[in-house]
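Everything below belongs to start.pdb, which stores PDB, C-alpha atoms and all ligand atoms.
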```pdb
ATOM      1  CA  MET A   1     -53.328  59.681   8.048
ATOM      2  CA  PRO A   2     -54.228  55.951   8.182
ATOM      3  CA  LEU A   3     -51.325  53.481   8.273
ATOM      4  CA  PRO A   4     -50.872  51.091   5.349
ATOM      5  CA  ALA A   5     -52.364  47.728   6.301
ATOM      6  CA  ASP A   6     -49.042  45.801   6.249
ATOM      7  CA  LEU A   7     -47.283  48.352   8.421
ATOM      8  CA  PHE A   8     -50.152  48.297  10.887
ATOM      9  CA  VAL A   9     -49.921  44.481  11.172
ATOM     10  CA  ILE A  10     -46.133  44.625  11.687
ATOM     11  CA  LEU A  11     -46.431  47.286  14.391
ATOM     12  CA  THR A  12     -49.194  45.370  16.147
ATOM     13  CA  LEU A  13     -47.206  42.135  16.044
ATOM     14  CA  LYS A  14     -44.087  43.859  17.311
ATOM     15  CA  SER A  15     -45.853  45.436  20.237
ATOM     16  CA  THR A  16     -47.475  42.078  21.115
ATOM     17  CA  VAL A  17     -44.066  40.375  21.047
ATOM     18  CA  ASN A  18     -42.476  43.061  23.214
ATOM     19  CA  LEU A  19     -45.328  42.862  25.679
ATOM     20  CA  ARG A  20     -45.007  39.104  25.917
ATOM     21  CA  LEU A  21     -41.358  39.149  26.950
ATOM     22  CA  GLN A  22     -41.191  41.989  29.425
ATOM     23  CA  HIS A  23     -38.712  40.083  31.523
ATOM     24  CA  ALA A  24     -35.207  41.525  31.561
ATOM     25  CA  ALA A  25     -33.651  38.604  33.433
ATOM     26  CA  LEU A  26     -35.094  36.075  30.982
ATOM     27  CA  VAL A  27     -33.962  38.048  27.938
ATOM     28  CA  ASP A  28     -30.470  38.355  29.395
ATOM     29  CA  LEU A  29     -30.360  34.673  30.311
ATOM     30  CA  LEU A  30     -31.318  33.657  26.770
ATOM     31  CA  ARG A  31     -28.697  35.911  25.216
ATOM     32  CA  GLN A  32     -26.027  34.719  27.612
ATOM     33  CA  ALA A  33     -26.904  31.044  27.167
ATOM     34  CA  TYR A  34     -26.792  31.410  23.382
ATOM     35  CA  SER A  35     -23.225  32.756  23.530
ATOM     36  CA  ALA A  36     -22.065  30.485  26.359
ATOM     37  CA  GLU A  37     -23.066  27.421  24.334
ATOM     38  CA  LYS A  38     -20.542  28.543  21.735
ATOM     39  CA  ALA A  39     -17.832  28.828  24.419
ATOM     40  CA  ALA A  40     -18.653  25.301  25.565
ATOM     41  CA  SER A  41     -18.482  23.982  21.997
ATOM     42  CA  PHE A  42     -15.086  25.588  21.416
ATOM     43  CA  ALA A  43     -13.827  24.242  24.732
ATOM     44  CA  TYR A  44     -14.895  20.706  23.788
ATOM     45  CA  GLN A  45     -13.189  21.029  20.411
ATOM     46  CA  GLY A  46      -9.927  21.690  22.269
ATOM     47  CA  HIS A  47     -10.689  18.929  24.706
ATOM     48  CA  VAL A  48     -11.291  16.382  21.920
ATOM     49  CA  ALA A  49      -8.066  17.405  20.168
ATOM     50  CA  SER A  50      -6.047  17.007  23.377
ATOM     51  CA  LEU A  51      -7.291  13.483  24.198
ATOM     52  CA  SER A  52      -5.837  10.262  22.859
ATOM     53  CA  SER A  53      -8.554   7.690  23.635
ATOM     54  CA  PRO A  54     -10.813   7.216  20.546
ATOM     55  CA  LYS A  55     -13.777   6.406  22.818
ATOM     56  CA  GLU A  56     -13.337   9.579  24.897
ATOM     57  CA  LYS A  57     -12.819  11.627  21.745
ATOM     58  CA  ALA A  58     -16.084  10.319  20.274
ATOM     59  CA  ASP A  59     -17.989  10.864  23.527
ATOM     60  CA  ILE A  60     -16.841  14.447  23.971
ATOM     61  CA  LYS A  61     -17.400  15.189  20.276
ATOM     62  CA  GLN A  62     -21.020  14.200  20.927
ATOM     63  CA  VAL A  63     -21.146  16.602  23.888
ATOM     64  CA  GLU A  64     -19.862  19.351  21.564
ATOM     65  CA  MET A  65     -22.623  18.518  19.057
ATOM     66  CA  ASP A  66     -25.202  18.705  21.857
ATOM     67  CA  GLU A  67     -23.958  22.217  22.729
ATOM     68  CA  TRP A  68     -24.246  23.417  19.109
ATOM     69  CA  GLU A  69     -27.766  21.999  19.054
ATOM     70  CA  HIS A  70     -28.625  23.908  22.259
ATOM     71  CA  ARG A  71     -27.299  27.092  20.662
ATOM     72  CA  ARG A  72     -29.562  26.583  17.634
ATOM     73  CA  GLU A  73     -32.578  25.939  19.851
ATOM     74  CA  VAL A  74     -31.933  28.997  22.037
ATOM     75  CA  LEU A  75     -31.601  31.132  18.906
ATOM     76  CA  LYS A  76     -34.969  29.874  17.643
ATOM     77  CA  ILE A  77     -36.576  31.039  20.892
ATOM     78  CA  MET A  78     -34.782  34.395  20.724
ATOM     79  CA  ASN A  79     -35.912  34.914  17.136
ATOM     80  CA  GLU A  80     -39.487  34.130  18.090
ATOM     81  CA  TYR A  81     -39.474  37.077  20.504
ATOM     82  CA  GLY A  82     -37.299  39.400  18.446
ATOM     83  CA  ILE A  83     -34.389  39.211  20.912
ATOM     84  CA  PRO A  84     -31.106  40.243  19.273
ATOM     85  CA  ILE A  85     -27.858  38.337  19.754
ATOM     86  CA  SER A  86     -25.561  40.149  22.185
ATOM     87  CA  ARG A  87     -22.306  41.179  20.518
ATOM     88  CA  LYS A  88     -20.793  41.683  23.961
ATOM     89  CA  TYR A  89     -21.558  38.102  25.046
ATOM     90  CA  GLU A  90     -20.534  36.699  21.665
ATOM     91  CA  LEU A  91     -17.095  38.280  21.986
ATOM     92  CA  LYS A  92     -16.712  37.427  25.668
ATOM     93  CA  TYR A  93     -17.605  33.766  25.223
ATOM     94  CA  TYR A  94     -15.603  33.453  22.014
ATOM     95  CA  VAL A  95     -12.492  34.460  23.964
ATOM     96  CA  ILE A  96     -13.361  32.247  26.947
ATOM     97  CA  GLY A  97     -14.032  29.225  24.709
ATOM     98  CA  LYS A  98     -10.791  29.605  22.798
ATOM     99  CA  ILE A  99      -8.733  30.079  25.987
ATOM    100  CA  ILE A 100     -10.236  26.953  27.544
ATOM    101  CA  ALA A 101      -9.659  25.012  24.301
ATOM    102  CA  ALA A 102      -5.984  26.002  24.253
ATOM    103  CA  SER A 103      -5.541  25.281  27.963
ATOM    104  CA  CYS A 104      -6.643  21.658  27.447
ATOM    105  CA  PHE A 105      -3.210  20.998  25.928
ATOM    106  CA  ILE A 106      -1.256  22.318  28.908
ATOM    107  CA  ILE A 107      -3.148  21.574  32.112
ATOM    108  CA  GLY A 108      -3.150  17.787  31.920
ATOM    109  CA  ARG A 109      -6.064  15.351  31.847
ATOM    110  CA  PHE A 110      -7.852  15.914  35.141
ATOM    111  CA  MET A 111      -8.544  19.655  35.117
ATOM    112  CA  PRO A 112     -10.320  20.003  31.734
ATOM    113  CA  ILE A 113     -12.644  17.156  32.700
ATOM    114  CA  TYR A 114     -13.198  18.461  36.224
ATOM    115  CA  PHE A 115     -14.000  22.010  35.130
ATOM    116  CA  ALA A 116     -16.188  20.800  32.267
ATOM    117  CA  GLY A 117     -18.254  18.850  34.792
ATOM    118  CA  ARG A 118     -18.426  21.795  37.150
ATOM    119  CA  LEU A 119     -19.530  24.109  34.327
ATOM    120  CA  GLU A 120     -22.171  21.652  33.133
ATOM    121  CA  SER A 121     -23.453  21.392  36.689
ATOM    122  CA  GLY A 122     -24.145  25.135  36.709
ATOM    123  CA  ASN A 123     -25.669  25.109  33.213
ATOM    124  CA  VAL A 124     -28.411  22.678  34.226
ATOM    125  CA  CYS A 125     -30.351  25.268  36.188
ATOM    126  CA  GLU A 126     -30.079  27.920  33.476
ATOM    127  CA  TYR A 127     -32.610  26.003  31.405
ATOM    128  CA  PHE A 128     -34.887  25.252  34.333
ATOM    129  CA  ARG A 129     -34.658  28.924  35.332
ATOM    130  CA  MET A 130     -35.711  29.948  31.809
ATOM    131  CA  LYS A 131     -38.674  27.624  32.105
ATOM    132  CA  GLN A 132     -39.630  29.242  35.421
ATOM    133  CA  TYR A 133     -39.306  32.731  33.926
ATOM    134  CA  PHE A 134     -41.402  31.844  30.876
ATOM    135  CA  ASN A 135     -44.005  30.253  33.131
ATOM    136  CA  SER A 136     -44.130  33.430  35.249
ATOM    137  CA  LEU A 137     -45.231  35.194  32.041
ATOM    138  CA  GLY A 138     -47.854  32.524  31.393
ATOM    139  CA  ILE A 139     -45.839  30.964  28.536
ATOM    140  CA  THR A 140     -45.569  27.175  28.735
ATOM    141  CA  LYS A 141     -44.921  26.161  25.137
ATOM    142  CA  HIS A 142     -41.135  25.953  25.629
ATOM    143  CA  ASP A 143     -41.402  23.774  28.762
ATOM    144  CA  ARG A 144     -40.462  20.451  27.184
ATOM    145  CA  LEU A 145     -37.563  21.818  25.157
ATOM    146  CA  LEU A 146     -36.089  23.693  28.138
ATOM    147  CA  TYR A 147     -36.585  20.664  30.388
ATOM    148  CA  GLU A 148     -34.825  18.430  27.863
ATOM    149  CA  MET A 149     -31.929  20.831  27.430
ATOM    150  CA  GLY A 150     -31.524  21.056  31.228
ATOM    151  CA  MET A 151     -31.572  17.256  31.485
ATOM    152  CA  LYS A 152     -28.992  16.986  28.714
ATOM    153  CA  GLU A 153     -26.678  19.290  30.686
ATOM    154  CA  LYS A 154     -27.203  17.020  33.692
ATOM    155  CA  GLU A 155     -26.189  14.012  31.582
ATOM    156  CA  HIS A 156     -23.054  15.911  30.583
ATOM    157  CA  GLU A 157     -22.307  16.698  34.233
ATOM    158  CA  ILE A 158     -22.624  13.038  35.233
ATOM    159  CA  TYR A 159     -20.541  11.908  32.272
ATOM    160  CA  PHE A 160     -17.627  14.127  33.332
ATOM    161  CA  LEU A 161     -18.047  13.216  36.995
ATOM    162  CA  GLN A 162     -17.749   9.534  36.147
ATOM    163  CA  MET A 163     -14.543  10.234  34.240
ATOM    164  CA  VAL A 164     -12.835  11.661  37.330
ATOM    165  CA  GLN A 165     -14.641   9.985  40.218
ATOM    166  CA  ASN A 166     -11.711   7.708  41.079
ATOM    167  CA  ASP A 167      -9.057  10.325  40.592
ATOM    168  CA  PRO A 168      -7.160  11.069  43.834
ATOM    169  CA  LEU A 169      -7.324  14.797  42.996
ATOM    170  CA  LEU A 170     -11.132  14.892  43.116
ATOM    171  CA  PRO A 171     -11.640  15.253  46.913
ATOM    172  CA  ARG A 172      -9.203  18.168  47.037
ATOM    173  CA  PHE A 173     -10.778  19.935  44.047
ATOM    174  CA  GLU A 174     -14.243  19.312  45.453
ATOM    175  CA  LYS A 175     -13.214  21.083  48.635
ATOM    176  CA  TRP A 176     -11.726  24.037  46.743
ATOM    177  CA  PHE A 177     -14.275  24.428  43.964
ATOM    178  CA  ALA A 178     -17.471  23.077  45.547
ATOM    179  CA  TRP A 179     -18.279  20.455  42.917
ATOM    180  CA  GLY A 180     -17.646  16.726  42.857
ATOM    181  CA  ALA A 181     -19.011  13.338  43.894
ATOM    182  CA  GLY A 182     -20.918  14.811  46.850
ATOM    183  CA  SER A 183     -21.726  18.330  45.617
ATOM    184  CA  SER A 184     -23.608  19.693  42.651
ATOM    185  CA  TYR A 185     -25.018  23.045  41.549
ATOM    186  CA  ASN A 186     -28.454  21.547  40.937
ATOM    187  CA  ASN A 187     -30.899  19.219  42.662
ATOM    188  CA  ILE A 188     -31.573  16.814  39.787
ATOM    189  CA  ASP A 189     -31.132  13.077  40.155
ATOM    190  CA  LEU A 190     -31.146  11.271  36.799
ATOM    191  CA  ASP A 191     -32.058   7.999  38.528
ATOM    192  CA  LYS A 192     -35.184   9.617  39.961
ATOM    193  CA  LYS A 193     -36.357  11.956  37.223
ATOM    194  CA  TYR A 194     -39.599  13.862  37.548
ATOM    195  CA  PRO A 195     -41.613  14.477  34.363
ATOM    196  CA  VAL A 196     -41.738  17.960  32.886
ATOM    197  CA  GLU A 197     -45.161  18.618  34.469
ATOM    198  CA  GLU A 198     -43.723  17.937  37.946
ATOM    199  CA  SER A 199     -40.349  19.600  37.503
ATOM    200  CA  ASP A 200     -41.091  22.921  39.204
ATOM    201  CA  HIS A 201     -39.112  22.015  42.311
ATOM    202  CA  TYR A 202     -35.953  21.643  40.252
ATOM    203  CA  CYS A 203     -33.539  24.548  40.712
ATOM    204  CA  PRO A 204     -35.417  26.433  43.440
ATOM    205  CA  LYS A 205     -34.693  30.130  43.731
ATOM    206  CA  LYS A 206     -32.250  30.848  46.534
TER
HETATM  207 FE    FE B 301     -25.585  23.140  26.432
HETATM  208 FE    FE B 302     -23.570  20.686  28.238
END
```
Could you render the structure from this file as structure tokens?
Amino acid sequence: MPLPADLFVILTLKSTVNLRLQHAALVDLLRQAYSAEKAASFAYQGHVASLSSPKEKADIKQVEMDEWEHRREVLKIMNEYGIPISRKYELKYYVIGKIIAASCFIIGRFMPIYFAGRLESGNVCEYFRMKQYFNSLGITKHDRLLYEMGMKEKEHEIYFLQMVQNDPLLPRFEKWFAWGAGSSYNNIDLDKKYPVEESDHYCPKK
């Protein structure tokens, strides 16, 4: 029996979409990034509430807004390929975000800033990795967006680093947690940025 025309189109489109994103690591990375952006936003809400400087409050509020924007952009990509939101990651990162937000009130000034910077440092390569994965499937249309989101995370990393760079605790934490003035989880230098077309050497696979 022939299929109704509309159903045939839907099935064809669906199979095309599924074929285009046969990349388990990329799908998982998108779903995880979508939920982790929420954790970051919650954490910054707590961070803003725990600070007293109006300037720092405004700056970190902007970082929170950037994270919500990233979440919206990642969702747009997921929707384009029919990738469902992960309930497991949503719950996990909800809890993580709320715990970090609450901890900002009890662990003093240095640690929330330090760990925010360290987290941002790791997030940078998630977006460059997505770009690499998409490119391995021959998809380049998300390159600029992913590049810009990765660069934004780098700006966040540097912002937090500058906030603690003169703190006497930094050298000790850098030794323990492998992030600080002389160590980063990515190889991007904002003072020597390569354009999106020449950004393939960012975040090389280990
Ligand atoms: Fe983000
Ligand atoms: Fe960020």
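For the file at hand, the PyMOL selection byres (((chain A and resi 180) around 10) and not hetatm) resolves to A:Tyr114, A:Gly117, A:Arg118, A:Ser121, A:Glu157, A:Ile158, A:Phe160, A:Leu161, A:Gln162, A:Val164, A:Gln165, A:Leu170, A:Pro171, A:Arg172, A:Phe173, A:Glu174, A:Lys175, A:Phe177, A:Ala178, A:Trp179, A:Ala181, A:Gly182, A:Ser183, A:Ser184, A:Tyr185.
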Taking the file as shown, what set of residues would the PyMOL selection byres (((chain A and resi 147) around 8) and not hetatm) give back, as a PDB file with C-alpha atoms, in the coordinates of the input?
```
ATOM      1  CA  TYR A 127     -32.610  26.003  31.405  1.00  0.00           C
ATOM      2  CA  PHE A 128     -34.887  25.252  34.333  1.00  0.00           C
ATOM      3  CA  LYS A 131     -38.674  27.624  32.105  1.00  0.00           C
ATOM      4  CA  ASP A 143     -41.402  23.774  28.762  1.00  0.00           C
ATOM      5  CA  ARG A 144     -40.462  20.451  27.184  1.00  0.00           C
ATOM      6  CA  LEU A 145     -37.563  21.818  25.157  1.00  0.00           C
ATOM      7  CA  LEU A 146     -36.089  23.693  28.138  1.00  0.00           C
ATOM      8  CA  GLU A 148     -34.825  18.430  27.863  1.00  0.00           C
ATOM      9  CA  MET A 149     -31.929  20.831  27.430  1.00  0.00           C
ATOM     10  CA  GLY A 150     -31.524  21.056  31.228  1.00  0.00           C
ATOM     11  CA  MET A 151     -31.572  17.256  31.485  1.00  0.00           C
ATOM     12  CA  VAL A 196     -41.738  17.960  32.886  1.00  0.00           C
TER      13      VAL A 196
END
```
| said: If the limit is 6 Å from any atom of ligand FE 302 (chain B), counting all atoms listed in the file, which residues qualify? Return them as a PyMOL selection string. | reply: chain A and resi 67+120+153+156
Would you output that residue set with C-alpha atoms, as a PDB file, in the frame of the given file?
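That gives us result34.pdb:
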```pdb
ATOM      1  CA  GLU A  67     -23.958  22.217  22.729  1.00  0.00           C
ATOM      2  CA  GLU A 120     -22.171  21.652  33.133  1.00  0.00           C
ATOM      3  CA  GLU A 153     -26.678  19.290  30.686  1.00  0.00           C
ATOM      4  CA  HIS A 156     -23.054  15.911  30.583  1.00  0.00           C
TER       5      HIS A 156
END
```
Collect all residues with atoms no farther than 9 Å from ligand FE 301 (chain B), counting only C-alpha atoms and all ligand atoms, and output them as a PyMOL selection string.
chain A and resi 33-34+36-38+40-41+63-64+66-71+120+123-124+149-150+152-153+156
Save out the residues we just selected, C-alpha atoms, as a tab-separated table (two decimals), keeping the file's coordinate frame.
```tsv
chain	number	residue	atom	x	y	z
A	33	ALA	CA	-26.90	31.04	27.17
A	34	TYR	CA	-26.79	31.41	23.38
A	36	ALA	CA	-22.06	30.48	26.36
A	37	GLU	CA	-23.07	27.42	24.33
A	38	LYS	CA	-20.54	28.54	21.74
A	40	ALA	CA	-18.65	25.30	25.56
A	41	SER	CA	-18.48	23.98	22.00
A	63	VAL	CA	-21.15	16.60	23.89
A	64	GLU	CA	-19.86	19.35	21.56
A	66	ASP	CA	-25.20	18.70	21.86
A	67	GLU	CA	-23.96	22.22	22.73
A	68	TRP	CA	-24.25	23.42	19.11
A	69	GLU	CA	-27.77	22.00	19.05
A	70	HIS	CA	-28.62	23.91	22.26
A	71	ARG	CA	-27.30	27.09	20.66
A	120	GLU	CA	-22.17	21.65	33.13
A	123	ASN	CA	-25.67	25.11	33.21
A	124	VAL	CA	-28.41	22.68	34.23
A	149	MET	CA	-31.93	20.83	27.43
A	150	GLY	CA	-31.52	21.06	31.23
A	152	LYS	CA	-28.99	16.99	28.71
A	153	GLU	CA	-26.68	19.29	30.69
A	156	HIS	CA	-23.05	15.91	30.58
```
As AutoDock Vina command-line options, please report the centre and edge lengths, rounded to one decimal in Å, of the axis-aligned box that holds all listed atoms of region 120-132 of chain A with 4 Å of padding on each of the six sides.
```
--center_x -30.9 --center_y 25.7 --center_z 34.1 --size_x 25.5 --size_y 16.6 --size_z 13.3
```
* **Separation of CA of Met130 (chain A) from CA of Glu90 (chain A) in Å** =>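 One can read the CA of Glu90 (chain A) to CA of Met130 (chain A) distance as 19.5 Å.
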#### Entry: Polymer residues at most 10 Å from (-14.2, 25.3, 32.7) by all atoms listed in the file, as JSON, numbers by chain
{"A": [39, 40, 43, 96, 97, 99, 100, 101, 103, 104, 111, 112, 113, 114, 115, 116, 117, 118, 119, 120]}
Q: Excluding region 187-194 of chain A and any residue of its chain fewer than 3 positions from it, enumerate the residues within 9 Å of it, using all atoms listed in the file, and give them as a list of chain:residue names.
A: A:Val124, A:Cys125, A:Met151, A:Lys154, A:Glu155, A:Ile158, A:Ser184, A:Glu197, A:Glu198, A:Ser199, A:His201, A:Tyr202, A:Cys203, A:Pro204
- request: Kindly give the distance, in Å, that separates CA of Arg31 (chain A) and CA of Ile77 (chain A), rounded to a single decimal.
  value: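 CA of Ile77 (chain A) lies 10.2 Å from CA of Arg31 (chain A).
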>> Expand the PyMOL selection byres (((chain A and resi 51) around 12) and not hetatm) into the explicit residue set it covers here, and present it as an NGL selection string.
In response: :A and (44-50 or 52-61 or 101 or 104-106 or 108-110 or 112-113)
* Asked: In Å, with one decimal, what is the gap from CA of Leu137 (chain A) to CA of Leu21 (chain A)?
  ->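 Distance between the two atoms: 7.5 Å.
Ranking A:Lys76, A:Leu29, A:Tyr93, A:Pro84 by their shortest atom-to-atom distance to Phe42 (chain A), with all atoms listed in the file included, puts A:Tyr93 first.
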With distances taken over only C-alpha atoms, the candidate from A:Ser35, A:Tyr159, A:Glu73, A:Ile107 nearest Arg87 (chain A) is A:Ser35
Of A:Ser136, A:Leu75, A:Gly82, A:Pro195, the one sitting nearest Ala25 (chain A) when using all atoms listed in the file is A:Ser136
